[in-house]
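Raw my_file-v4.cif, mmCIF, C-alpha atoms:
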data_protein
#
loop_
_atom_site.label_atom_id
_atom_site.label_comp_id
_atom_site.auth_asym_id
_atom_site.auth_seq_id
_atom_site.Cartn_x
_atom_site.Cartn_y
_atom_site.Cartn_z
CA MET A 20 0.00 0.00 0.00
CA ALA A 21 2.90 2.34 0.77
CA GLY A 22 4.33 1.46 -2.64
CA ALA A 23 1.08 2.44 -4.34
CA VAL A 24 1.22 5.81 -2.56
CA VAL A 25 4.78 6.37 -3.81
CA ASN A 26 3.55 5.58 -7.33
CA LEU A 27 0.74 8.12 -6.83
CA LEU A 28 3.35 10.82 -6.16
CA VAL A 29 5.62 9.98 -9.09
CA MET A 30 3.39 8.85 -11.96
CA PRO A 31 1.31 11.99 -12.69
CA LEU A 32 4.37 14.27 -12.90
CA THR A 33 6.27 11.81 -15.07
CA ALA A 34 3.34 11.39 -17.46
CA MET A 35 3.01 15.18 -17.68
CA ALA A 36 6.69 15.54 -18.61
CA ILE A 37 6.55 12.83 -21.28
CA LEU A 38 3.46 14.18 -23.06
CA GLN A 39 4.78 17.73 -22.91
CA TYR A 40 8.05 16.65 -24.52
CA GLY A 41 6.07 14.92 -27.28
CA SER A 42 4.01 18.06 -27.94
CA TYR A 43 6.98 20.43 -27.72
CA PHE A 44 8.93 18.55 -30.40
CA ARG A 45 5.81 17.48 -32.32
CA ALA A 46 7.43 14.06 -32.15
CA GLN A 47 6.34 11.23 -34.43
CA SER A 48 8.59 8.74 -32.58
CA HIS A 49 10.53 8.66 -29.33
CA GLY A 50 13.93 8.94 -31.02
CA LYS A 51 13.61 12.66 -31.70
CA VAL A 52 12.83 13.44 -28.06
CA PHE A 53 15.70 11.38 -26.67
CA HIS A 54 18.25 12.91 -29.04
CA SER A 55 17.03 16.42 -28.23
CA ILE A 56 17.20 16.28 -24.43
CA THR A 57 20.36 14.31 -23.68
CA SER A 58 23.76 13.32 -25.08
CA MET A 59 24.08 11.22 -28.22
CA VAL A 60 25.42 8.17 -26.34
CA VAL A 61 22.63 8.21 -23.74
CA ALA A 62 20.01 8.97 -26.41
CA ARG A 63 21.07 6.00 -28.53
CA PHE A 64 21.06 3.70 -25.51
CA MET A 65 17.55 4.90 -24.58
CA ASP A 66 16.37 4.64 -28.18
CA TYR A 67 17.57 1.07 -28.71
CA GLY A 68 16.71 0.02 -25.15
CA LEU A 69 13.14 1.24 -25.46
CA SER A 70 12.69 -0.53 -28.78
CA VAL A 71 13.87 -3.84 -27.31
CA ALA A 72 11.76 -3.38 -24.18
CA GLN A 73 8.67 -2.50 -26.22
CA PHE A 74 9.05 -5.71 -28.15
CA CYS A 75 9.38 -7.70 -24.90
CA VAL A 76 6.29 -6.04 -23.40
CA GLY A 77 4.45 -6.73 -26.64
CA PHE A 78 4.99 -10.49 -26.75
CA VAL A 79 4.34 -10.80 -22.99
CA MET A 80 0.99 -9.06 -23.61
CA LEU A 81 0.19 -11.53 -26.40
CA ALA A 82 0.94 -14.37 -23.99
CA GLY A 83 -1.34 -12.67 -21.46
CA ALA A 84 -4.12 -12.57 -24.05
CA GLY A 85 -3.85 -16.35 -24.35
CA SER A 86 -3.92 -16.77 -20.55
CA ASN A 87 -6.94 -14.49 -20.29
CA LEU A 88 -9.23 -16.58 -22.51
CA HIS A 89 -7.76 -19.83 -21.16
CA GLN A 90 -8.44 -18.84 -17.52
CA GLN A 91 -11.99 -17.63 -18.21
CA PHE A 92 -13.22 -19.91 -20.99
CA GLY A 93 -10.77 -22.82 -21.09
CA LEU A 94 -9.66 -22.06 -24.67
CA PRO A 95 -6.20 -23.17 -25.82
CA LEU A 96 -3.52 -20.56 -25.14
CA TRP A 97 -2.76 -20.02 -28.81
CA VAL A 98 -6.37 -19.04 -29.60
CA GLY A 99 -6.33 -15.92 -27.42
CA ALA A 100 -2.90 -14.90 -28.66
CA ALA A 101 -3.81 -15.43 -32.33
CA LEU A 102 -7.05 -13.45 -32.02
CA MET A 103 -5.10 -10.63 -30.34
CA VAL A 104 -2.58 -10.55 -33.19
CA VAL A 105 -5.40 -10.22 -35.74
CA LEU A 106 -7.01 -7.35 -33.79
CA VAL A 107 -3.68 -5.53 -33.34
CA LEU A 108 -2.80 -5.88 -37.03
CA LEU A 109 -6.19 -4.56 -38.15
CA ALA A 110 -6.19 -1.61 -35.73
CA GLY A 111 -2.56 -0.77 -36.50
CA MET A 112 -3.43 0.00 -40.10
CA LEU A 113 -5.30 3.11 -38.90
CA ASP A 114 -3.68 6.52 -38.47
CA THR A 115 -2.30 7.86 -35.15
CA ASP A 116 -5.46 9.73 -34.13
CA ARG A 117 -7.67 6.69 -34.65
CA VAL A 118 -5.23 4.45 -32.75
CA SER A 119 -5.19 6.96 -29.88
CA ASN A 120 -8.99 7.07 -29.84
CA LEU A 121 -9.19 3.27 -29.78
CA ILE A 122 -6.84 3.08 -26.80
CA GLY A 123 -8.64 5.92 -24.99
CA GLY A 124 -12.07 4.42 -25.60
CA ILE A 125 -11.20 1.24 -23.70
CA THR A 126 -10.16 3.07 -20.52
CA PRO A 127 -13.62 4.05 -19.15
CA LEU A 128 -14.85 0.45 -19.32
CA MET A 129 -11.82 -0.77 -17.36
CA ILE A 130 -12.24 1.95 -14.73
CA VAL A 131 -15.83 0.88 -14.09
CA LEU A 132 -14.88 -2.81 -13.82
CA LEU A 133 -11.98 -2.11 -11.47
CA LEU A 134 -14.16 0.05 -9.22
CA CYS A 135 -16.71 -2.80 -9.06
CA ALA A 136 -13.94 -5.15 -7.91
CA VAL A 137 -12.78 -2.65 -5.28
CA VAL A 138 -16.27 -2.18 -3.83
CA TYR A 139 -16.87 -5.94 -3.78
CA SER A 140 -13.59 -6.59 -1.92
CA PHE A 141 -14.41 -4.01 0.74
CA VAL A 142 -18.01 -5.14 1.22
CA THR A 143 -17.29 -8.89 1.44
CA PHE A 144 -14.09 -8.75 3.51
CA ASP A 145 -14.57 -10.55 6.84
CA GLY A 146 -11.01 -11.21 7.99
CA THR A 147 -8.30 -9.05 9.53
CA LEU A 148 -5.57 -6.99 7.89
CA GLN A 149 -2.95 -8.91 9.86
CA GLY A 150 -4.41 -12.18 8.61
CA VAL A 151 -4.31 -11.29 4.92
CA HIS A 152 -0.88 -9.72 5.38
CA ASP A 153 0.53 -12.95 6.83
CA PHE A 154 -1.16 -15.01 4.10
CA ALA A 155 0.33 -12.80 1.40
CA LEU A 156 3.82 -13.14 2.86
CA GLU A 157 3.45 -16.92 2.99
CA HIS A 158 1.86 -17.55 -0.42
CA GLY A 159 2.90 -14.59 -2.55
CA GLN A 160 5.78 -14.89 -4.97
CA PRO A 161 7.07 -11.35 -5.55
CA ALA A 162 9.58 -10.76 -8.31
CA LEU A 163 11.47 -8.46 -5.91
CA GLY A 164 11.60 -8.92 -2.14
CA ASN A 165 11.89 -5.30 -1.00
CA TRP A 166 8.68 -3.25 -1.24
CA PHE A 167 10.39 0.02 -2.12
CA LEU A 168 12.56 -1.53 -4.84
CA ALA A 169 9.46 -3.30 -6.17
CA THR A 170 7.62 0.04 -6.24
CA VAL A 171 10.39 1.82 -8.12
CA ASN A 172 10.69 -1.09 -10.53
CA TYR A 173 6.93 -1.27 -11.16
CA THR A 174 6.71 2.49 -11.74
CA GLY A 175 9.52 2.21 -14.29
CA LEU A 176 7.76 -0.70 -15.97
CA SER A 177 4.42 1.12 -16.05
CA MET A 178 5.96 4.15 -17.70
CA PHE A 179 8.11 2.04 -20.01
CA SER A 180 5.14 0.26 -21.57
CA GLY A 181 3.56 3.60 -22.40
CA ILE A 182 6.45 6.04 -22.99
CA ALA A 183 6.71 5.60 -26.76
CA MET A 184 2.97 5.79 -27.43
CA ALA A 185 2.60 8.69 -24.98
CA ILE A 186 5.26 10.64 -26.89
CA ILE A 187 3.40 10.03 -30.16
CA ILE A 188 0.07 11.03 -28.60
CA GLY A 189 1.68 14.15 -27.15
CA GLY A 190 3.22 14.86 -30.55
CA SER A 191 -0.25 14.91 -32.12
CA ASN A 192 -1.24 17.83 -29.85
CA TRP A 193 0.13 21.28 -30.73
CA SER A 194 -0.39 22.67 -27.20
CA PRO A 195 2.25 21.49 -24.66
CA ARG A 196 0.11 22.80 -21.81
CA ALA A 197 -2.97 20.80 -22.85
CA ALA A 198 -0.86 17.69 -23.49
CA GLY A 199 0.86 18.06 -20.12
CA TRP A 200 -2.32 18.40 -18.09
CA GLY A 201 -3.80 15.46 -19.99
CA GLY A 202 -0.77 13.41 -18.98
CA PHE A 203 -1.01 14.56 -15.36
CA LEU A 204 -4.70 13.67 -15.14
CA GLY A 205 -4.12 10.30 -16.80
CA GLY A 206 -1.25 9.51 -14.43
CA LEU A 207 -3.36 10.54 -11.44
CA ILE A 208 -6.25 8.29 -12.49
CA PHE A 209 -3.87 5.39 -13.11
CA SER A 210 -2.16 5.76 -9.73
CA GLY A 211 -5.45 6.23 -7.88
CA LEU A 212 -6.84 3.03 -9.40
CA LEU A 213 -3.59 1.22 -8.61
CA LEU A 214 -3.89 2.20 -4.96
CA LEU A 215 -7.49 0.99 -4.79
CA MET A 216 -6.67 -2.28 -6.59
CA THR A 217 -3.70 -2.92 -4.31
CA VAL A 218 -6.01 -2.80 -1.29
CA ALA A 219 -8.72 -4.83 -3.06
CA LEU A 220 -6.32 -7.62 -4.06
CA LEU A 221 -4.81 -7.71 -0.57
CA LEU A 222 -8.25 -8.13 0.99
CA SER A 223 -9.03 -10.95 -1.48
CA ILE A 224 -5.57 -12.54 -1.49
CA ARG A 225 -6.83 -15.92 -0.27
CA THR A 226 -8.94 -16.48 -3.39
CA VAL A 227 -6.79 -14.87 -6.11
CA HIS A 228 -3.17 -15.53 -5.09
CA ASP A 229 -2.68 -18.46 -7.48
CA ALA A 230 -4.36 -16.92 -10.57
CA ASP A 231 -2.37 -15.76 -13.61
CA LEU A 232 -4.65 -12.71 -13.76
CA PRO A 233 -5.73 -12.04 -10.15
CA THR A 234 -7.85 -8.98 -10.94
CA LEU A 235 -9.87 -11.00 -13.43
CA ALA A 236 -10.25 -13.78 -10.87
CA LEU A 237 -11.50 -11.24 -8.31
CA ILE A 238 -14.17 -9.83 -10.64
CA ASP A 239 -15.21 -13.34 -11.69
CA SER A 240 -15.84 -14.20 -8.02
CA ILE A 241 -18.41 -11.39 -7.85
CA ASN A 242 -20.62 -12.84 -10.56
CA PRO A 243 -19.93 -15.20 -13.49
CA VAL A 244 -21.62 -12.83 -15.94
CA LEU A 245 -19.59 -9.90 -14.67
CA GLY A 246 -16.55 -12.17 -14.91
CA VAL A 247 -17.21 -12.64 -18.63
CA VAL A 248 -17.53 -8.87 -19.05
CA ALA A 249 -14.31 -8.41 -17.09
CA SER A 250 -12.55 -11.00 -19.19
CA VAL A 251 -13.53 -9.12 -22.34
CA GLY A 252 -12.52 -5.84 -20.69
CA THR A 253 -9.16 -7.26 -19.61
CA TYR A 254 -8.66 -8.60 -23.10
CA LEU A 255 -9.33 -5.14 -24.48
CA MET A 256 -6.89 -3.65 -21.96
CA ILE A 257 -4.24 -6.11 -23.14
CA PHE A 258 -5.18 -5.13 -26.68
CA SER A 259 -4.62 -1.43 -25.94
CA THR A 260 -1.16 -2.12 -24.48
CA SER A 261 -0.20 -4.49 -27.31
CA LEU A 262 -1.40 -2.06 -29.94
CA GLY A 263 0.43 0.83 -28.29
CA VAL A 264 3.82 -0.90 -28.05
CA PHE A 265 3.79 -2.61 -31.45
CA TYR A 266 2.39 0.46 -33.25
CA SER A 267 4.95 2.87 -31.75
CA LEU A 268 7.75 0.34 -32.28
CA GLY A 269 6.78 0.01 -35.92
CA ARG A 270 6.81 3.81 -36.24
CA ARG A 271 10.29 4.01 -34.72
CA LEU A 272 11.85 1.20 -36.77
CA SER A 273 10.39 2.61 -39.99
CA ALA A 274 11.42 6.22 -39.22
CA PRO A 275 14.00 6.30 -42.09
CA ARG A 276 11.30 5.01 -44.47
CA PRO A 277 7.86 6.08 -43.16
CA ALA A 278 6.07 4.52 -46.13
CA ALA A 279 7.15 1.08 -44.89
CA HIS A 280 5.58 1.58 -41.45
CA ARG A 281 2.72 -0.88 -41.90
CA TRP A 282 4.99 -3.66 -43.16
CA VAL A 283 7.44 -3.17 -40.29
CA PHE A 284 4.59 -3.00 -37.77
CA ALA A 285 3.11 -6.26 -39.11
CA ALA A 286 6.49 -8.00 -39.08
CA VAL A 287 7.35 -7.19 -35.44
CA THR A 288 3.82 -8.13 -34.34
CA LEU A 289 4.08 -11.56 -35.99
CA VAL A 290 7.52 -12.21 -34.49
CA GLY A 291 6.07 -11.27 -31.10
CA PHE A 292 3.28 -13.78 -31.67
CA ALA A 293 5.86 -16.54 -32.24
CA LEU A 294 7.47 -15.75 -28.87
CA SER A 295 4.18 -15.50 -26.98
CA PHE A 296 3.91 -19.27 -26.51
CA LEU A 297 6.32 -19.12 -23.55
CA PRO A 298 4.56 -19.42 -20.14
CA PHE A 299 2.89 -16.13 -19.20
CA THR A 300 3.64 -16.11 -15.45
CA ALA A 301 7.29 -17.00 -16.01
CA LEU A 302 7.58 -14.23 -18.60
CA VAL A 303 6.12 -11.66 -16.20
CA ASN A 304 8.43 -12.67 -13.33
CA ARG A 305 11.59 -12.78 -15.45
CA VAL A 306 11.14 -10.18 -18.18
CA PHE A 307 9.23 -7.41 -16.41
CA PRO A 308 11.71 -6.72 -13.55
CA VAL A 309 14.56 -6.26 -16.05
CA ILE A 310 12.44 -3.91 -18.15
CA GLY A 311 11.38 -2.11 -14.97
CA TRP A 312 14.97 -1.16 -14.06
CA LEU A 313 15.53 0.09 -17.57
CA GLY A 314 12.34 2.09 -17.22
CA VAL A 315 13.65 3.66 -14.00
CA LEU A 316 16.61 5.03 -15.97
CA PHE A 317 14.28 6.45 -18.60
CA VAL A 318 12.02 8.09 -16.01
CA ALA A 319 15.08 9.60 -14.29
CA VAL A 320 16.35 11.11 -17.55
CA LEU A 321 12.97 12.36 -18.80
CA LEU A 322 11.75 13.72 -15.47
CA GLY A 323 15.18 15.04 -14.47
CA THR A 324 15.76 17.04 -17.65
CA TRP A 325 12.16 18.31 -17.55
CA LEU A 326 12.52 19.56 -13.96
CA VAL A 327 15.97 21.12 -14.46
CA ASN A 328 15.42 23.08 -17.68
CA GLY A 329 12.85 21.50 -19.99
CA ARG A 330 9.80 22.71 -18.08
CA THR A 331 10.74 26.39 -18.43
CA GLY A 332 11.36 26.18 -22.17
CA ILE A 333 8.21 24.15 -22.79
CA SER A 334 6.06 26.62 -20.82
CA ALA A 335 7.49 29.54 -22.82
CA GLU A 336 6.83 27.70 -26.09
CA GLY A 337 3.29 26.92 -24.97
CA ARG A 338 2.59 30.60 -24.36
CA ARG A 339 4.20 31.43 -27.70
CA ARG A 340 1.97 28.99 -29.58
CA ASP A 341 -1.10 30.36 -27.79
CA ARG A 342 -0.03 33.82 -28.92
CA ILE A 343 0.36 32.66 -32.52
CA ARG A 344 -3.05 31.01 -32.41
CA ALA A 345 -4.69 34.16 -31.03
CA LEU A 346 -3.05 36.40 -33.64
CA VAL A 347 -4.02 34.11 -36.55
CA LEU A 348 -7.62 33.98 -35.29
CA HIS A 349 -7.58 37.77 -35.03
CA GLY A 350 -6.38 38.04 -38.63
CA LEU A 351 -9.08 35.67 -39.86
CA ASP A 352 -11.91 37.63 -38.23
CA PRO A 353 -13.36 40.12 -40.78
CA HIS A 354 -14.67 42.28 -37.95
CA GLU A 355 -11.20 42.84 -36.49
CA ARG A 356 -8.57 45.27 -37.78
CA TRP A 357 -5.22 43.80 -38.80
CA THR A 358 -2.25 46.17 -38.43
CA THR A 359 1.51 46.04 -38.93
CA ARG A 360 1.80 45.73 -35.17
CA HIS A 361 -0.14 42.46 -35.30
CA ALA A 362 1.99 41.24 -38.23
CA ASP A 363 5.22 42.07 -36.38
CA ALA A 364 4.01 40.31 -33.24
CA LEU A 365 3.07 37.22 -35.27
CA VAL A 366 6.45 37.09 -37.03
CA GLN A 367 8.26 37.55 -33.72
CA ALA A 368 6.32 34.68 -32.15
CA VAL A 369 6.90 32.39 -35.15
CA ASP A 370 10.63 33.24 -35.15
CA GLY A 371 10.88 32.33 -31.46
CA SER A 372 9.20 28.93 -31.83
CA ASN A 373 11.26 25.76 -31.74
CA LEU A 374 9.28 24.48 -34.76
CA PRO A 375 9.68 25.64 -38.38
CA ALA A 376 6.91 27.97 -39.53
CA GLU A 377 5.37 25.45 -41.96
CA GLN A 378 5.25 22.65 -39.39
CA LEU A 379 3.84 25.04 -36.80
CA GLY A 380 1.02 26.13 -39.10
CA GLU A 381 0.20 22.60 -40.21
CA SER A 382 0.03 21.34 -36.63
CA MET A 383 -2.37 23.97 -35.32
CA ALA A 384 -4.54 24.40 -38.43
CA PRO A 385 -7.28 21.87 -37.49
CA ASP A 386 -7.67 23.34 -33.98
CA LEU A 387 -7.67 26.86 -35.40
CA ALA A 388 -10.45 25.93 -37.81
CA ARG A 389 -12.58 24.52 -34.97
CA ASP A 390 -11.93 27.59 -32.77
CA ALA A 391 -12.73 30.01 -35.60
CA GLN A 392 -16.03 28.23 -36.27
CA ARG A 393 -16.97 28.05 -32.59
CA THR A 394 -16.03 31.59 -31.54
CA SER A 395 -16.69 33.67 -34.65
CA GLY A 396 -18.65 31.45 -37.02
CA ILE A 397 -15.80 31.62 -39.54
CA GLU A 398 -15.45 28.67 -41.92
CA ILE A 399 -11.89 27.76 -42.91
CA SER A 400 -11.69 25.39 -45.85
CA GLU A 401 -9.38 22.39 -45.85
CA GLU A 402 -7.32 24.03 -48.56
CA GLU A 403 -6.82 27.12 -46.39
CA GLN A 404 -5.89 24.92 -43.44
CA GLN A 405 -3.26 23.15 -45.51
CA ARG A 406 -1.80 26.49 -46.61
CA LEU A 407 -1.55 27.98 -43.11
CA GLY A 408 2.00 26.76 -42.61
CA GLU A 409 2.99 28.09 -46.00
CA LYS A 410 1.46 31.50 -45.18
CA LEU A 411 3.37 31.73 -41.89
CA SER A 412 6.56 30.83 -43.70
CA ASP A 413 5.89 33.47 -46.40
CA LEU A 414 5.22 36.10 -43.73
CA GLN A 415 8.49 35.18 -42.04
CA ARG A 416 10.45 35.48 -45.29
CA GLN A 417 8.86 38.83 -46.13
CA ASP A 418 9.89 40.18 -42.77
CA GLU A 419 13.46 38.95 -43.23
CA SER A 420 13.72 40.53 -46.70
CA GLY A 421 12.29 43.79 -45.36
CA ARG A 422 15.07 43.98 -42.83
#

Exercise: express the given structure as structure tokens:
Amino acid sequence: MAGAVVNLLVMPLTAMAILQYGSYFRAQSHGKVFHSITSMVVARFMDYGLSVAQFCVGFVMLAGAGSNLHQQFGLPLWVGAALMVVLVLLAGMLDTDRVSNLIGGITPLMIVLLLCAVVYSFVTFDGTLQGVHDFALEHGQPALGNWFLATVNYTGLSMFSGIAMAIIIGGSNWSPRAAGWGGFLGGLIFSGLLLLMTVALLLSIRTVHDADLPTLALIDSINPVLGVVASVGTYLMIFSTSLGVFYSLGRRLSAPRPAAHRWVFAAVTLVGFALSFLPFTALVNRVFPVIGWLGVLFVAVLLGTWLVNGRTGISAEGRRRDRIRALVLHGLDPHERWTTRHADALVQAVDGSNLPAEQLGESMAPDLARDAQRTSGIEISEEEQQRLGEKLSDLQRQDESGR
């Protein structure tokens, strides 16, 4: 329980830093972020290490998909893993926004199911805390013996499985501030649920200690029908993790040739499927602790650089992009007067951005179009949206030639 509280203190801030970095660099893969915030040697180690770890998390998740359907329905292990591969391959052919929406859409269902399990554990508990504590010490098989080391390791693992996809999701948002608060809220929800589930599993340790998926076993003990729903929900949760790691890994490996992304994504997913036939529990106990320590290093670098100097620069860039957005909206409004002072302020803000003018315009164009329609009733055609970056770049060049 103390470990879950430590996670509650660390996770929201770390998630905020990661998504803000993604938005700040408009990153399409984790490599750009790593190479921008640390030395080349450390960046390469993090880049390659994350790719290897993603692959390991991916095939462990596929093995977990097999265990899920085997535990609940008695199906052969390969059936659950094969079905998961098909779902991941189909979903991975979508674009980043659709993949993000798929992953985000699964979360509310899992929150509801987990809260049901928590309430059930509290209501039906008739023992003592000392009793379940002693039982857990006697029958539990922790991967690490020390609670604090296990907490640090688990936090690193939790972040590791989501770092790459979080960077891509952050990179799809032009506002570092919005991306950061989204990360903070997501990390807070995750850690809060983790704390509740830690208590719930401890109270129910006598009935779930020997299950491959103890949370699923806990929900199944409430009601068989709810257990089926939970099994499907858990399967979807495994799907979201598998999709996230294989999709982002495919994006990273195909970075030199983006057109080959789908082929690379499919290849690594199928190789992961071949390795998923190893025993699930053994994989978790042997692979996850190693990945967890690697994740601790990543969290230290990402959070450390963000706290030391990244946060200040990102906040300034966020204000700068808000200023650019406000000035462009002002210029689009036919009821407002556009002066040289506005043009100078816009050029100054664009010059100060860490992004090139064209990329800056392209990234904020869809949000600008929505804001213009909502606030002023102004319609911006898709063609005009596509040319926003070009217009900002032209304005920048005109100012430079005028000097």

query = What separation in Å, quoted to one decimal, exists between atom CA of A:Asn165 and atom CA of A:Ala23?
reply = 13.7 Å

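All residues of protein, DNA or RNA that reach within 12 Å of A:Tyr139, judged by all atoms listed in the file and not counting those fewer than 6 positions away in the chain, are Leu132, Leu133, Asp145, Leu215, Met216, Val218, Ala219, Leu220, Leu222, Ser223, Thr234, Leu237, Ile238, Asp239, Ser240, Ile241, Asn242 and Leu245 of chain A.
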
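The space separating atom CA of A:Ser250 from atom CA of A:Leu176 comes to 23.0 Å.
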
query = Near A:Thr217, within 12 Å and counting all atoms listed in the file, which residues show up once chain neighbours fewer than 3 positions away are dropped, as number ranges by chain?
reply = A: 20-24, 26, 133-134, 136-137, 140-141, 170, 210-214, 220-224, 233-234

Taking only residues of stretch 195-229 of chain A that have an atom at most 9 Å from an atom of stretch 184-191 of chain A, what is each one's shortest atom pair and its distance in Å to one decimal, using all atoms listed in the file, in chain and number order, as CSV?
residue,atom,partner,partner_atom,distance
A:Pro195,CA,A:Gly189,CA,7.8
A:Ala198,CA,A:Gly189,CA,5.7
A:Gly199,CA,A:Gly189,CA,8.1
A:Gly202,CA,A:Ala185,CA,8.3
